[in-house]
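In what follows, a structure is listed as structure tokens, so that the remarks can point back to it.
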Amino acid sequence: MRAPTDTKRVLVTGANGQDGVYLVERLVAEGHEVHGLVHSQAGALALVTDFPSAVAHVSDLADTVGMIDIMTGVRPTHVFNLAGNTSVERSWKFPTETADVLGVGPVRLLEAAWSLQESSDHHVRFLQASSAEIFGDTSVVPQTESTPRVPVTPYGAAKSFAHEMVGVYRARGMRASSAILYNHESPRRPESFVARKISREAARISLGLSKTMTLGNIDVHRDWGYAPDYVDALIRIIDAPEASDYIVATGVAHSVRQFVETAFAYVGIDDWQSHVEIDHALYRPADPKSLVGDPRKLRGLGWHPSVDFQQLVHIMVEADLERLRAGA
């Protein structure tokens, strides 16, 4: 257990999401006081069931008054903003909601933290979960913290605005940083995401529970990492001596095709092509062809990924095999 002077009072928004759960899990294990912002009473129950020492708050980044009330009530020393839907595909269906929650929502949270700091001299460290989607279909490969942002999706545009506003509040005197997160996966990733869809269906096909999976464009390249490694990066960034923006990536890109090949190879299936159908209706209206980040700045904080691409795919497929064998 940490000494009392080392204990943080942490507010984690999006506490039920993949990254939120890993982050809360680690913070609780380290003895910190953790408050989780969740979207529903069901989410609140799930949080306190898994982590009895955590405190759940039900609200939404679209609620200005709610953000102020939670900030003044909790008085956190650290805020990790991980809230909002992380599906790029969904952002095309609900672009205005995406703009409000992912773009303006973080500003509501920043302003609530800034107001607390100004009114009571209570300083707050703030970490915004930004996204590689802010770079869009850039010709710059790999991307760095200074690569021009040219988003091509509603998700990327909303994240780009929030990213810019973090810089505005940092210049204003707040300890606000952005973690520019590249694709990161784990067995906790929902099946609506392509990586989990692949791992789950490869496991099902290998067990004779299915015959084919349907995918969209498998020739886009992404920089895939392991979610717990990226949560470790978030903690290093918020605790860094100076607030700044950091690329969180492995520095290596792989195609969706390679993800599929690796997943099927793990379950002993060589002719993966006979099990995969391509549906052009699943192609996104706009999709960056190659997103790969340069993590050299983050390495200066002592961060290195512990899991490589092949290990990541194996971890995910094995977890799905175990679930399926257990009847889940």
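Residues are referred to by chain and number: the chain letter is A, B, ... according to the order shown in the structure tokens, the number counts from 1 in that chain, and ligands are numbered separately from 1 in the order shown.
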Exercise. If you count only C-alpha atoms, which residues fall within 8 Å of Gly216 in chain A, apart from same-chain ones fewer than 5 positions away, as a PyMOL selection string?
Worked result: chain A and resi 278-283
Pull C-alpha atoms from the residues just selected and write them as a short mmCIF file (atom, residue, chain, number, x, y, z; two decimals), in the first residue's frame.
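For reference, again.cif as written:
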data_model
loop_
_atom_site.label_atom_id
_atom_site.label_comp_id
_atom_site.auth_asym_id
_atom_site.auth_seq_id
_atom_site.Cartn_x
_atom_site.Cartn_y
_atom_site.Cartn_z
CA ILE A 278 -15.35 -9.46 -48.17
CA ASP A 279 -18.39 -7.18 -48.12
CA HIS A 280 -17.83 -3.78 -49.73
CA ALA A 281 -20.84 -2.47 -47.82
CA LEU A 282 -18.65 -2.66 -44.71
CA TYR A 283 -16.05 -0.28 -46.17
#
Exercise. Near range 82-94 of chain A, counting only C-alpha atoms, which residues have an atom at most 10 Å away, once you skip same-chain residues fewer than 3 positions from it, shown as a VMD selection string?
Worked result: chain A and resid 12 to 20 23 37 to 39 60 to 61 79 97 to 103 105 to 106 127 to 131 133 153 to 156 158 192 to 193 282 to 287
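What separates CA of Ser244 in chain A from CA of Leu298 in chain A is a distance of 10.4 Å.
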For this session: Going by DSSP on the backbone, which bits of range 68-115 of chain A are strand (DSSP E or B)? Write them as a list in words, please.
Result: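 Those residues are His78, Val79, Phe80 and Asn81 of chain A.
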Exercise. If you count only C-alpha atoms, which residues fall within 10 Å of Glu145 in chain A, apart from same-chain ones fewer than 6 positions away, as a list in words?
Worked result: Phe135, Ser178, Ala179, Ile180, Ser244, Asp245, Tyr246, Ile247, Val248, Gly293, Asp294, Pro295 and Lys297 of chain A
Problem set entry | Shell of 9 Å around Pro288 in chain A, only C-alpha atoms, local chain residues under 2 positions omitted, as a ChimeraX atom specification | /A:133,135-138,151-152,220-221,286,290-291
Contacts between range 107-122 of chain A and range 9-89 of chain A, please, where a residue of range 9-89 of chain A counts if it comes within 8 Å (with only C-alpha atoms); show its shortest atom pair and distance in Å to one decimal, rows by chain and ascending number, as a Markdown table.
| residue | atom | partner | partner_atom | distance |
| --- | --- | --- | --- | --- |
| A:Leu61 | CA | A:Arg108 | CA | 7.1 |
| A:Ala62 | CA | A:Arg108 | CA | 7.9 |
| A:Thr64 | CA | A:Arg108 | CA | 5.9 |
| A:Met67 | CA | A:Leu109 | CA | 6.0 |
| A:Ile68 | CA | A:Ala112 | CA | 5.0 |
| A:Met71 | CA | A:Ala112 | CA | 6.3 |
| A:Thr72 | CA | A:Leu116 | CA | 6.5 |
| A:Arg75 | CA | A:Leu116 | CA | 7.7 |
| A:Thr77 | CA | A:His122 | CA | 7.9 |
